[in-house]
Amino acid sequence: MATKEATVFIIDIGKSMSEHNGGRNESDLQWAMHYIWDRVTSTVATGRKTAQIGVIALRSDETNHDLSGEEGYQHISILQPISQILMTNLRDLRGLIKSSNTENGDALSALVIAIQMIASHCKKLQYVRQIVLVTNGRGAMDTDDLPDIAKKLLEDSIELLVVGVDFDDLSYGYKEEEKTDLKRENEKILKGLTEQAGGIFGTLAQATEELGMPRVKSTRPVPSYKGPLTLGDTGNYDTALSINVERYPRTMVAAPPSASSFAVKSDSAPDETSAQSSATVVNGDTAPSEGSLAAVNMTRVYQIQDESAPGGKRDVDREELAKGYTYGRKAVPISESEENVTKFETSAGFEIIGFVPAESHQRFTDMSRTNVIIAQKTDEKQYLALSSFIHALHETDSFAVARLVAKENRPPLILILAPSIEPDCECLIDVEIPFAEDIRSYRFPPLDRIITVSGKTLTQHRNLPNDALTRAMDGYVDHMDLSLFDRDEEGNPTEYLPMDETYSPVLHRLHQAIRWRAVHPMEAFPPPPAALTRASNPPEELIKAAKPFLDKVQATGDVKKVPPKQLSRKRARDTIKPLSGLDVDALLHQDPSKRRRVISSENAIPDFKQLLASSEDPNAIADAARQMGARVQEWIERSLGDSGYGRAIEGIRVMREELSEFEEPGLYNEVMRGLKERLMKGELGGDRAEMWWLVRVNRLGLIDRTMSARSEVDEEEAKRFLAAK
Amino acid sequence: MAEKSNFSRRDEEDEEEEEVDEGDYKTVKDAVLFAIDVSESMLRKPEASDSKKADRDNATTAALKCAYSLMQQRIISNPNDMMGIVLFGTEQSKFQGEDPNSRGGLAYPHIYLLADLDVPDAEDVKTLKQLVEDKEEAARLLVPSSEKSFNLANLLFCANQIFTMKAPNFSSRRLFLVTDNDNPHFANKDARNSAAVRARDLYDLGVKIELFPISTPTHQFNRSTFYDDIVYESTPSDPDAPAPMSSAAKPSASGDGITLLQSLLSSINSKAVPRRALFSNLPLELGPGLRISVKGYIVLKRQEPARSTYIYMQGEKPQIAVGKTNVIAGDTARHMETTEIKKAFNFGGEQIVFTKDELAALRNFGDPVIRIIGFKPLSMLPIWAATKPATFIYPSDEEYVGSTRVFSALQQKLVKAQRYALVWFIARRNAAPMVAALLPGKEEVNEEGAQVWPPGLWIHPLPFADDIRQNPDMGDVVRASDELVDYMHDIVRNLQLPKAHYDPKRYPNPALQWHYRVLQAIALDEDMPEKAEDHTIPRYKQIHKRVGDLVVEWGQALDQEYAAHAAKSDSSKKLVAGLKRAAGIPGDGPSKKAKLLAAAGQGVGDDEMRKAFEKSAIDKFKVQDLKDWLYGKKLSTTGKKADLVERVTEFYESK
C-alpha cells in the first residue's frame with residue numbers, strides 16, 4: 001500500500017467544452033468534472049502524502065509551462081504541479097477550471113508536457129504513474145510525434161487513460177450520431193495511441209456511471225498471533241502436537257469516518273459566520289466555515305455525594321481519588337501497587353481443547369469477527385502438518401474447539417476452528433464462541449405447538465400456522481430464492497448479492513458527502529449511489545414473479561394491523577383473574593380497607609387501579625384522579641432530596657396510562673397542571689426543579705390530541721407545557 | 001416506563017453519535033425480592049444417605065444458597081439491578097429501620113428482612129454467606145415461629161411496601177417465593193381471601209410473583225390448592241413478557257439423583273434475568289405489503305468485567321466519584337453546551353463541516369425494519385461470514401395480529417429447508433443499516449427438559465465488502481498426502497468433546513471469574529484466592545492417554561513425508577530458504593519436544609540462563625537470545641532489552 005503514486009490529469013477546457021450536448025442539462029466540462037473531482041477527491045481523502053496529483057488545462061486561454069516558447073505548445077497551462085493535494089489546492093483548482101474562449105491547443109502536446117512533469121518529478125523512483133486525459137476530441141492535433149509518445153509512455157511505464165466526451169465505445173455500447181469528421185479522426189488517433197502504449201480508452205458516460213461503484217480499501221494483513229497451535233501439553237508430555245501458525249483477520253468491520261468536535265470561534269459573531277460561510281444553511285443551523293472553528297478540550301471533573309455541600313454534591317480532585325471497582329454497591333479501592341491483582345495471569349498459547357462434529361456448531365453463537373489461521377510462512381513442514389490437520393477436519397466433518405491467549409496476560413478466548421479449502425488457500429477459520437456468562441438463558445414458548453396452562457399440548461391454535469399457511473410459506477420461500485437469481489459475465493446463473501457486492505451504506509455515504517462538499521460547498525448532496533441501497537429491497541423481477549405466493553401467505557396468514565387503541569369505555573381490561581380464575585374483584589368489594597374507596601398513600605397504585613376498574617361512574621373516576629394527584633403531591637412534598645421522586649414519577653406514569661385508557665385525558669391534564677403550578681411556586685417543599693426534569697425525561701406531560709381524541713390540548717400546547725421550566 | 005436518570009448528568013445525554021450499537025439502548029432494571037419460608041418442614045433435615053448426590057441441605061438452606069449464588073451472579077452480570085431477601089415464618093421479626101427488640105406494634109410480625117431490596121452490598125453477601133456456611137448463625141436465626149399459622153397476606157403487603165419504597169419505578173419487579181406449604185390457610189377463609197386481595201395489589205403494582213414450590217418425598221406440592229389464587233400470568237407493566245411459559249418449576253424429588261439444591265438452582269437460574277427486549281414491535285417485512293411484528297433480544301453478549309472507577313477515600317467510607325466531562329472551547333476556555341459543538345471531518349488538511357441535521361440526513365436510510373430480500377441455502381453462508389453476535393427475534397401480535405403464526409410458518413420452513421433469509425436491517429431510527437442473515441433457530445432442550453436454545457430466528461450480521469479482508473499471500477500450497485491426513489483422522493475422532501458438542505455452560509470465563517473472585521475477597525475481607533479455576537485449559541492427561549500414541553505416529557509420518565518432499569524440490573531456491581528455517585525446529589518434528597528454539601541447542605539453555613540470573617548477568621545476553629529463551633517459556637518477547645531482562649529475572653524470582 002505504501003507504493004507512491006503520481007497522476008497527471010489533462011483537462012480539456014476548450015470553448016466547445018462549454019456546450020451542452022447529448023440532451024444533458026450541464027455542459028460537457030461540468031459533466032467531465034464529476035469524473036475528475038471524484039478521482040481527485042478520493043485521492044485527497046486517503047490523506048496520503050505519497051498519492052500525488054498534477055493538473056494540466058488543455059486549450060486554455062493562457063499558456064503556462066516550461067516549453068511555452070516552443071511552437072505547437074500554446075494554450076496549455078499547468079494548473080497544479082505534481083504534489084499532494086490539500087483543500088487549499090482544491091479551492092484554487094475550483095477557481096481555475098473554467099471553459100476558455102479558445103479552441104486552440106494540442107492534446108498531444110499536453111501529453112508530452114504531462115510525461116515531462118512525471119519524468120522530472122518521479123525520476124527513476126518507484127512510482128505508479130498515470131496520465132488521465134479528458135477531452136471532447138474536437139481540437140486539432142499534430143500527430144508527427146505519435147510513435148515517440150507511445151514509446152516514451154511504455155519506457156517510463158506510464159499508464160495512459162483517455163476518457164472522451166461522447167466518444168464511441170462499442171464494447172460499452174455507445175455511438176454518437178452526427179459526429180464531426182475531426183472528432184472521428186481524433187478518436188481514432190487517441191484510440192490507436194492507447195493501444196500502442198498499453199493504455200485504456202473509454203467514453204465518459206461509462207466512467208461517470210462507474211463512479212457510483214464504491215471503492216473498497218484494502219488493508220495489509222497484520223497477524224494477531226504467531227506461534228504454536230498445540231494439542232496436549234508440550235511442556236510435560238512428549239506426545240504433544242505442535243504446529244507453528246499465524247493468525248490474520250478475515251473480517252474486520254470498517255468504521256465510517258469519524259467526525260471531531262469543534263467550537264465556533266468566539267471572535268466570529270454568528271451572523272458574520274453565516275455571511276462568510278460557504279456552506280449551506282439548514283433550518284437556520286449554520287455550518288460554519290473552516291476558519292471559524294476552534295478546537296475543543298475535554299476536561300473531566302469528579303463529584304461525590306456530600307450532604308453538607310450545596311446540592312448535595314461536591315467536586316473532588318483527581319489526586320484525592322483511588323482507582324478501584326465496584327462489587328455490588330460497595331466501592332472496592334485497589335492500591336496502585338496491587339493494580340493487577342484482579343488481572344488473570346495467562347501465558348500466550350493456542351491450544352486445542354477437543355473436537356466436535358461440524359453440524360453441532362450453531363452459527364448464531366458466533367460471537368465475533370473471524371480470522372484465518374495459516375501455517376508459519378515459508379516453512380513447508382508446518383504447511384504439511386497444518387494441511388493434514390485441515391484435511392482431517394474437513395474429511396471427518398469436524399471443527400476443533402481451541403483456547404487462545406494471543407499475548408501474555410490477555411484473557412483467554414474460546415474459538416471454533418473450521419477447515420477452509422480453496423484452490424489457492426488452505427487454512428483454518430476461527431470465530432469466538434460464548435462462555436457460560438455470555439449467554440442469557442431467556443426461555444421462549446415453542447413455535448410449533450402450544451402447551452397450555454393445564455399441561456396439554458396443542459398443535460392447532462390461532463398462533464400456529466395451519467396447513468394452508470404452511471404450504472403458502474413453502475411456496476413463497478421457494479420462489480424468492482436468490483441463490484441463482486443473478487447472472488455472471490458469461491450469463492450463467494449465479495448468486496444474487498454475494499457479500500462482496502454489498503457495501504457499508506453509512507461509510508460510503510459519508511465519504512461521498514465529504515468529498516462532495518469539499519468541491520461543491522454550496523450544492524445539495526447527490527443521492528446515494530444505487531450500489532449502497534441495492535440490498536435494501538428485494539429485486540423487482542423476483543418479487544413480481546413471487547407475488548401470487550406472497551398474496552397467498554397474506555391471505556392464509558390473515559395478518560391484520562392492530563388498530564390504534566380501541567375506543568371504548570368498556571376496555572379490553574376484562575376482569576383480571578389469577579391462574580385459578582378466582583373472582584378477586586368480588587373479594588375486593590368485601591375487603592374492609594378497599595370499601596372505603598380511599599387511595600392510601602402506602603398502597604396508592606393498586607388502590608387507584610382498583611377504584612377505576614370497579615367504577616362506571618365518571619364522578620368516581622374524577623375522584624380517583626384527584627386523590628391520586630394529591631398522593632403524588634404529598635410524596636414530592638415530603639421527599640428528602642430526591643427520595644420520593646421515583647414514587648411520584650411512577651404514580652404519574654400510572655395515572656397517565658390509566659386515564660388515557662379510560663378516555664379521560666382531561667382529568668390527567670388537570671392533575672398535571674395543578675402539580676406543575678405548585679411545583680413551580682415552590683409549594684411542594686422548595687426547589688423541585690429536578691422533579692420536573694424527571695417528568696420531562698420520562699415524557700409525562702399533558703395528554704394531547706395525537707394521543708387521545710378526547711383531549712383538548714394540541715401538540716404545541718403539550719410541548720410548551722413540558723418545556724417551560 | 002419510567003426512567004430515573006442522573007439529574008446532574010443530563011447535559012451528557014444524546015451526546016454520543018451513532019457509534020455504539022447495543023450500548024445506548026435503554027436498559028431495563030430489575031428488582032428481585034426473595035421470600036423464603038422458614039418452617040418446621042422447610043428446616044427438616046433430609047434423610048441420611050450414602051449417595052454422594054443425596055441432599056445434605058434442608059429446604060430453607062438450599063433456598064438461601066440459591067439466593068447467595070444468584071446474588072453473586074448478579075453482581076457480575078447485572079451490577080445495577082436490585083435484590084433483597086426476606087425470611088418469613090421466623091420467630092424473630094425485622095423490618096426497615098425497625099428495632100427487632102422493640103416492644104409492641106411490629107408492622108410485619110414473623111417476617112425477617114435479611115437484606116433490604118437494593119443493589120447488593122458486600123455486607124449483604126457476607127450476611128448471606130454466614131447464614132449459609134455458619135451453622136450457629138443459622139441455628140440462631142432460622143427458628144420457626146411458635147405460632148401455628150403464618151399470615152401470607154402480611155408477607156405480600158410487606159413485599160408491596162418494599163417494592164414501593166425501594167424500587168418504585170423499576171420496570172421489572174419480581175417476588176421469588178420459595179415454600180413447601182401448598183395450603184397455608186386451609187382452615188381460614190378470611191386469611192385466604194385477604195392473601196388473594198394482597199396478591200392482586202401486587203399485580204396491580206406491577207410485581208410478578210414467581211413461585212418456586214418444593215415437594216417433599218411424602219408430599220407433592222399442589223399449586224391449585226392455594227397458589228393459583230395468588231399467581232397471575234403476566235404483569236401489565238411488563239409488556240415484553242411473551243405468552244406464558246406453563247412449565248412449572250419442577251418439584252424436586254429427593255433421592256432421584258438431582259438434589260433439591262440443584263433442582264431449585266436450575267429453576268431459579270432460568271428466571272435469573274428478566275427478559276429484556278432490545279427492540280419491540282419492529283416490523284419484519286416478508287415482502288411488499290406483508291409485515292408482521294417481532295421483538296428482539298440480546299441473548300448472546302460478551303460479558304466483561306465492569307470498568308474501573310475512581311473512588312474517594314477521604315470520607316467515612318469509600319465512595320464512588322462520578323465523572324463528568326466538560327467541553328471547553330479551545331480559544332476562550334469557555335464552557336460549552338452540547339448544542340454548540342460542531343462536527344467536522346478532516347479532509348485534505350482542513351475540516352469539512354456538517355450541521356447536525358445534515359449528518360442525520362446522510363445517515364438516514366429509512367425507517368427501522370427487518371426486510372427480507374430473498375432466501376439462500378445455509379450452505380451459501382461461509383463460516384468466515386461473521387462480524388458480531390446475533391440478535392434473537394421472536395414474534396409478537398401486539399402490532400399485527402397473526403404475526404406469531406406467520407413467523408412460525410417461516411421459522412419452520414427455514415429449519416426444514418435449511419435456508420436463511422437475506423435481510424436489510426435497521427434496528428433503530430438512524431441506525432446504520434446492516435445486511436444480515438436471518439438464521440432459523442430450532443428449539444433445543446437438555447436431558448432435564450429445560451430449554452437450552454429458544455425457537456425463533458437470529459439476525460446474524462454479515463460483513464460488507466468493506467469488512468472482508470483478503471487471505472494473506474501464502475505462496476504455493478503444500479498439501480499433505482492422504483496417508484498423513486489419515487493419521488490425523490484418528491486423532492480428531494478420538495478427542496471428541498463430551499456429547500459431541502461444545503457446551504458453553506461448562507466453560508465459565510476464567511478471567512471474568514477471577515476478577516470478581518478477587519474483588520469479592522477484598523470486599524468481604526476474605527483471604528485472597530490462591531489459584532484461579534480455569535476450565536478452558538485442555539485436559540492434558542486425557543489427551544496424552546487418548547491420542548498420545550497417534551500423535552507420535554503422525555509425527556513420524558510427517559517427518560517422512562517432509563523429507564521426501566524436500567528431496568523432490570531440492571533444487572528450488574525458495575525451498576532452501578524454507579529448509580533453513582525449518583532447521584530451527586527440532587529435528588524429530590513438532591510431535592516431540594516442541595519447545596521451539598531452546599531445545600535445538602542453538603539458543604541459550606535453561607542452565608546457562610539460571611547461572612546468569614544468579615550472577616545478575618542476564619543483560620550480557622543478546623536481545624535475540626533473550627527473546628528466544630522467553631519465547632520458549634511462552635512469555636512475551638516484546639519491549640526493549642531492559643524489559644526482556646526484567647521478565648527473565650521475574651521468571652526466576654517467582655520460582
# chains A, B, ... in the order shown; residues from 1 in each chain; ligands from 1
>>> select_by_dssp(residues="region 273-449 of chain B", states="helix (DSSP H, G or I)", output="PyMOL selection string")
chain B and resi 338-340+356-363+378-380+403-417
>>> residues_around(residues="Glu526 (chain B)", least_positions_apart="4", cutoff="12 Å", atoms="only C-alpha atoms", output="PyMOL selection string")
chain B and resi 122+125-126+129+517-522+530
>>> write_last_selection(atoms="N, CA and C atoms", output="compact mmCIF listing (two decimals), in the first residue's frame")
# COMPACT_ATOMS: atom_id res chain seq x y z
N ALA B 122 -21.57 -5.48 49.76
CA ALA B 122 -20.71 -6.56 50.21
C ALA B 122 -21.22 -7.14 51.52
N VAL B 125 -23.81 -9.77 50.99
CA VAL B 125 -23.20 -11.02 50.55
C VAL B 125 -22.63 -11.75 51.77
N LYS B 126 -22.02 -10.96 52.62
CA LYS B 126 -21.39 -11.53 53.81
C LYS B 126 -22.43 -12.16 54.74
N LYS B 129 -23.68 -15.25 53.26
CA LYS B 129 -22.65 -16.28 53.27
C LYS B 129 -22.57 -16.91 54.67
N ARG B 517 -13.83 -12.78 41.77
CA ARG B 517 -13.41 -13.58 42.91
C ARG B 517 -12.48 -12.73 43.80
N VAL B 518 -11.54 -12.05 43.14
CA VAL B 518 -10.60 -11.21 43.88
C VAL B 518 -11.32 -10.03 44.51
N LEU B 519 -12.20 -9.40 43.75
CA LEU B 519 -12.95 -8.27 44.29
C LEU B 519 -13.77 -8.68 45.50
N GLN B 520 -14.39 -9.83 45.38
CA GLN B 520 -15.21 -10.32 46.50
C GLN B 520 -14.33 -10.52 47.73
N ALA B 521 -13.16 -11.11 47.51
CA ALA B 521 -12.25 -11.35 48.62
C ALA B 521 -11.88 -10.04 49.30
N ILE B 522 -11.58 -9.03 48.49
CA ILE B 522 -11.22 -7.74 49.08
C ILE B 522 -12.43 -7.12 49.78
N GLU B 530 -6.09 -18.37 45.96
CA GLU B 530 -4.72 -18.66 45.54
C GLU B 530 -4.61 -18.88 44.05
>>> residues_around(residues="Tyr225 (chain A)", least_positions_apart="3", cutoff="6 Å", atoms="only C-alpha atoms", output="list in words")
Glu246, Arg247 and Ala406 of chain A
>>> select_by_dssp(residues="region 359-477 of chain B", states="strand (DSSP E)", output="PyMOL selection string")
chain B and resi 369-377+391-395+400-401+419-426+434-441+444-445+451-453+456-461
>>> atom_distance(atom1="CA of Asp500 (chain A)", atom2="CA of Val253 (chain A)")
13.3 Å
>>> residues_around(residues="region 651-665 of chain A", least_positions_apart="5", cutoff="7 Å", atoms="only C-alpha atoms", output="list in words")
Arg569, Ile605, Val632, Leu700, Ile703, Ser708, Arg710 and Ser711 of chain A
>>> write_last_selection(atoms="N, CA and C atoms", output="PDB file, in the first residue's frame")
ATOM      1  N   ARG A 569     -65.135   2.603  26.424  1.00  0.00           N
ATOM      2  CA  ARG A 569     -65.057   2.732  27.859  1.00  0.00           C
ATOM      3  C   ARG A 569     -64.896   1.355  28.494  1.00  0.00           C
ATOM      4  N   ILE A 605     -51.012   2.915  44.177  1.00  0.00           N
ATOM      5  CA  ILE A 605     -51.210   2.485  42.789  1.00  0.00           C
ATOM      6  C   ILE A 605     -52.241   1.368  42.665  1.00  0.00           C
ATOM      7  N   VAL A 632     -49.538  12.050  44.931  1.00  0.00           N
ATOM      8  CA  VAL A 632     -48.283  12.364  44.244  1.00  0.00           C
ATOM      9  C   VAL A 632     -47.686  13.644  44.827  1.00  0.00           C
ATOM     10  N   LEU A 700     -43.807  12.714  30.530  1.00  0.00           N
ATOM     11  CA  LEU A 700     -45.080  12.537  31.232  1.00  0.00           C
ATOM     12  C   LEU A 700     -45.897  13.822  31.202  1.00  0.00           C
ATOM     13  N   ILE A 703     -51.590  14.970  28.067  1.00  0.00           N
ATOM     14  CA  ILE A 703     -52.040  14.067  27.004  1.00  0.00           C
ATOM     15  C   ILE A 703     -52.623  14.952  25.907  1.00  0.00           C
ATOM     16  N   SER A 708     -54.960  11.135  22.319  1.00  0.00           N
ATOM     17  CA  SER A 708     -56.338  10.844  22.679  1.00  0.00           C
ATOM     18  C   SER A 708     -57.238  11.866  21.998  1.00  0.00           C
ATOM     19  N   ARG A 710     -60.053  12.692  22.643  1.00  0.00           N
ATOM     20  CA  ARG A 710     -60.895  13.467  23.558  1.00  0.00           C
ATOM     21  C   ARG A 710     -60.124  14.583  24.258  1.00  0.00           C
ATOM     22  N   SER A 711     -58.834  14.654  23.973  1.00  0.00           N
ATOM     23  CA  SER A 711     -58.046  15.684  24.646  1.00  0.00           C
ATOM     24  C   SER A 711     -58.334  17.038  24.031  1.00  0.00           C
TER      25      SER A 711
END
>>> atom_distance(atom1="CA of Pro395 (chain B)", atom2="CA of Leu457 (chain B)")
9.4 Å
>>> closest_residue(among="B:Leu87, B:Leu155, B:Ala139, B:Val322", to="Arg318 (chain A)", atoms="only C-alpha atoms")
B:Val322
>>> residues_around(residues="Ala167 (chain B)", least_positions_apart="3", cutoff="8 Å", atoms="only C-alpha atoms", output="PDB file with N, CA and C atoms, in the first residue's frame")
ATOM      1  N   GLY A 646     -39.021   9.003  42.711  1.00  0.00           N
ATOM      2  CA  GLY A 646     -39.280   7.770  41.964  1.00  0.00           C
ATOM      3  C   GLY A 646     -40.737   7.362  42.098  1.00  0.00           C
TER       4      GLY A 646
ATOM      5  N   ALA B  31     -35.670  -5.760  39.749  1.00  0.00           N
ATOM      6  CA  ALA B  31     -35.552  -5.903  41.198  1.00  0.00           C
ATOM      7  C   ALA B  31     -36.172  -7.237  41.598  1.00  0.00           C
ATOM      8  N   LEU B 117     -34.072  -4.573  49.876  1.00  0.00           N
ATOM      9  CA  LEU B 117     -34.005  -4.526  48.426  1.00  0.00           C
ATOM     10  C   LEU B 117     -33.120  -3.363  47.982  1.00  0.00           C
ATOM     11  N   ILE B 162     -41.949  -2.904  50.292  1.00  0.00           N
ATOM     12  CA  ILE B 162     -40.524  -2.897  49.943  1.00  0.00           C
ATOM     13  C   ILE B 162     -40.337  -2.443  48.495  1.00  0.00           C
ATOM     14  N   PHE B 163     -41.148  -2.993  47.612  1.00  0.00           N
ATOM     15  CA  PHE B 163     -41.025  -2.594  46.199  1.00  0.00           C
ATOM     16  C   PHE B 163     -41.415  -1.124  46.025  1.00  0.00           C
ATOM     17  N   THR B 164     -42.477  -0.707  46.716  1.00  0.00           N
ATOM     18  CA  THR B 164     -42.936   0.669  46.570  1.00  0.00           C
ATOM     19  C   THR B 164     -41.882   1.672  47.028  1.00  0.00           C
ATOM     20  N   PHE B 170     -39.026   0.631  38.861  1.00  0.00           N
ATOM     21  CA  PHE B 170     -38.321  -0.390  38.080  1.00  0.00           C
ATOM     22  C   PHE B 170     -39.344  -1.065  37.182  1.00  0.00           C
ATOM     23  N   ARG B 173     -40.172  -6.059  38.356  1.00  0.00           N
ATOM     24  CA  ARG B 173     -40.123  -6.297  39.799  1.00  0.00           C
ATOM     25  C   ARG B 173     -40.702  -7.676  40.066  1.00  0.00           C
TER      26      ARG B 173
END
>>> atom_distance(atom1="CA of Ser39 (chain B)", atom2="CA of Pro274 (chain B)")
29.0 Å
>>> closest_residue(among="B:Tyr68, B:Pro472, B:Ile543, B:Ala642", to="Asn269 (chain B)", atoms="only C-alpha atoms")
B:Tyr68
>>> closest_residue(among="B:Val197, B:Tyr108, B:Gly548, B:Lys442", to="Ser593 (chain A)", atoms="only C-alpha atoms")
B:Val197
>>> decode(residues="region 291-340 of chain B", atoms="C-alpha atoms", output="PDB file, in the first residue's frame")
ATOM      1  CA  ARG B 291     -45.407  -7.084   7.636  1.00  0.00           C
ATOM      2  CA  ILE B 292     -45.507  -8.791  10.981  1.00  0.00           C
ATOM      3  CA  SER B 293     -44.172  -7.528  14.290  1.00  0.00           C
ATOM      4  CA  VAL B 294     -41.270  -9.031  16.209  1.00  0.00           C
ATOM      5  CA  LYS B 295     -39.286  -8.308  19.331  1.00  0.00           C
ATOM      6  CA  GLY B 296     -35.541  -8.518  19.543  1.00  0.00           C
ATOM      7  CA  TYR B 297     -33.495  -9.834  22.425  1.00  0.00           C
ATOM      8  CA  ILE B 298     -29.814  -9.896  23.179  1.00  0.00           C
ATOM      9  CA  VAL B 299     -29.264 -13.489  24.159  1.00  0.00           C
ATOM     10  CA  LEU B 300     -25.540 -13.516  23.470  1.00  0.00           C
ATOM     11  CA  LYS B 301     -23.261 -10.803  24.709  1.00  0.00           C
ATOM     12  CA  ARG B 302     -19.651 -10.897  25.752  1.00  0.00           C
ATOM     13  CA  GLN B 303     -19.653 -10.325  29.491  1.00  0.00           C
ATOM     14  CA  GLU B 304     -16.704  -8.186  30.527  1.00  0.00           C
ATOM     15  CA  PRO B 305     -15.550  -7.072  33.946  1.00  0.00           C
ATOM     16  CA  ALA B 306     -17.029  -3.696  34.822  1.00  0.00           C
ATOM     17  CA  ARG B 307     -14.681  -0.846  34.108  1.00  0.00           C
ATOM     18  CA  SER B 308     -12.610   0.561  36.887  1.00  0.00           C
ATOM     19  CA  THR B 309     -13.877   3.670  38.598  1.00  0.00           C
ATOM     20  CA  TYR B 310     -12.454   6.367  40.795  1.00  0.00           C
ATOM     21  CA  ILE B 311     -13.064   6.115  44.481  1.00  0.00           C
ATOM     22  CA  TYR B 312     -12.974   8.846  47.062  1.00  0.00           C
ATOM     23  CA  MET B 313     -11.196   7.569  50.143  1.00  0.00           C
ATOM     24  CA  GLN B 314     -11.106  10.557  52.473  1.00  0.00           C
ATOM     25  CA  GLY B 315     -14.692  10.235  53.628  1.00  0.00           C
ATOM     26  CA  GLU B 316     -16.156   7.988  56.271  1.00  0.00           C
ATOM     27  CA  LYS B 317     -16.444   5.182  53.882  1.00  0.00           C
ATOM     28  CA  PRO B 318     -15.094   4.758  50.371  1.00  0.00           C
ATOM     29  CA  GLN B 319     -17.364   6.396  47.857  1.00  0.00           C
ATOM     30  CA  ILE B 320     -17.511   6.233  44.118  1.00  0.00           C
ATOM     31  CA  ALA B 321     -16.784   9.535  42.441  1.00  0.00           C
ATOM     32  CA  VAL B 322     -18.980  10.218  39.452  1.00  0.00           C
ATOM     33  CA  GLY B 323     -17.079  11.571  36.499  1.00  0.00           C
ATOM     34  CA  LYS B 324     -18.460  14.239  34.236  1.00  0.00           C
ATOM     35  CA  THR B 325     -16.921  15.560  31.066  1.00  0.00           C
ATOM     36  CA  ASN B 326     -16.961  19.251  30.340  1.00  0.00           C
ATOM     37  CA  VAL B 327     -16.275  20.559  26.912  1.00  0.00           C
ATOM     38  CA  ILE B 328     -14.190  23.703  26.829  1.00  0.00           C
ATOM     39  CA  ALA B 329     -13.744  25.884  23.776  1.00  0.00           C
ATOM     40  CA  GLY B 330     -10.082  25.951  22.837  1.00  0.00           C
ATOM     41  CA  ASP B 331      -9.875  29.661  22.081  1.00  0.00           C
ATOM     42  CA  THR B 332     -11.739  31.161  25.021  1.00  0.00           C
ATOM     43  CA  ALA B 333     -11.718  28.349  27.601  1.00  0.00           C
ATOM     44  CA  ARG B 334     -15.450  28.893  27.715  1.00  0.00           C
ATOM     45  CA  HIS B 335     -17.700  26.108  28.971  1.00  0.00           C
ATOM     46  CA  MET B 336     -19.703  24.713  26.068  1.00  0.00           C
ATOM     47  CA  GLU B 337     -23.149  23.230  25.722  1.00  0.00           C
ATOM     48  CA  THR B 338     -23.517  20.145  23.573  1.00  0.00           C
ATOM     49  CA  THR B 339     -25.683  22.015  21.124  1.00  0.00           C
ATOM     50  CA  GLU B 340     -22.843  24.418  20.412  1.00  0.00           C
TER      51      GLU B 340
END
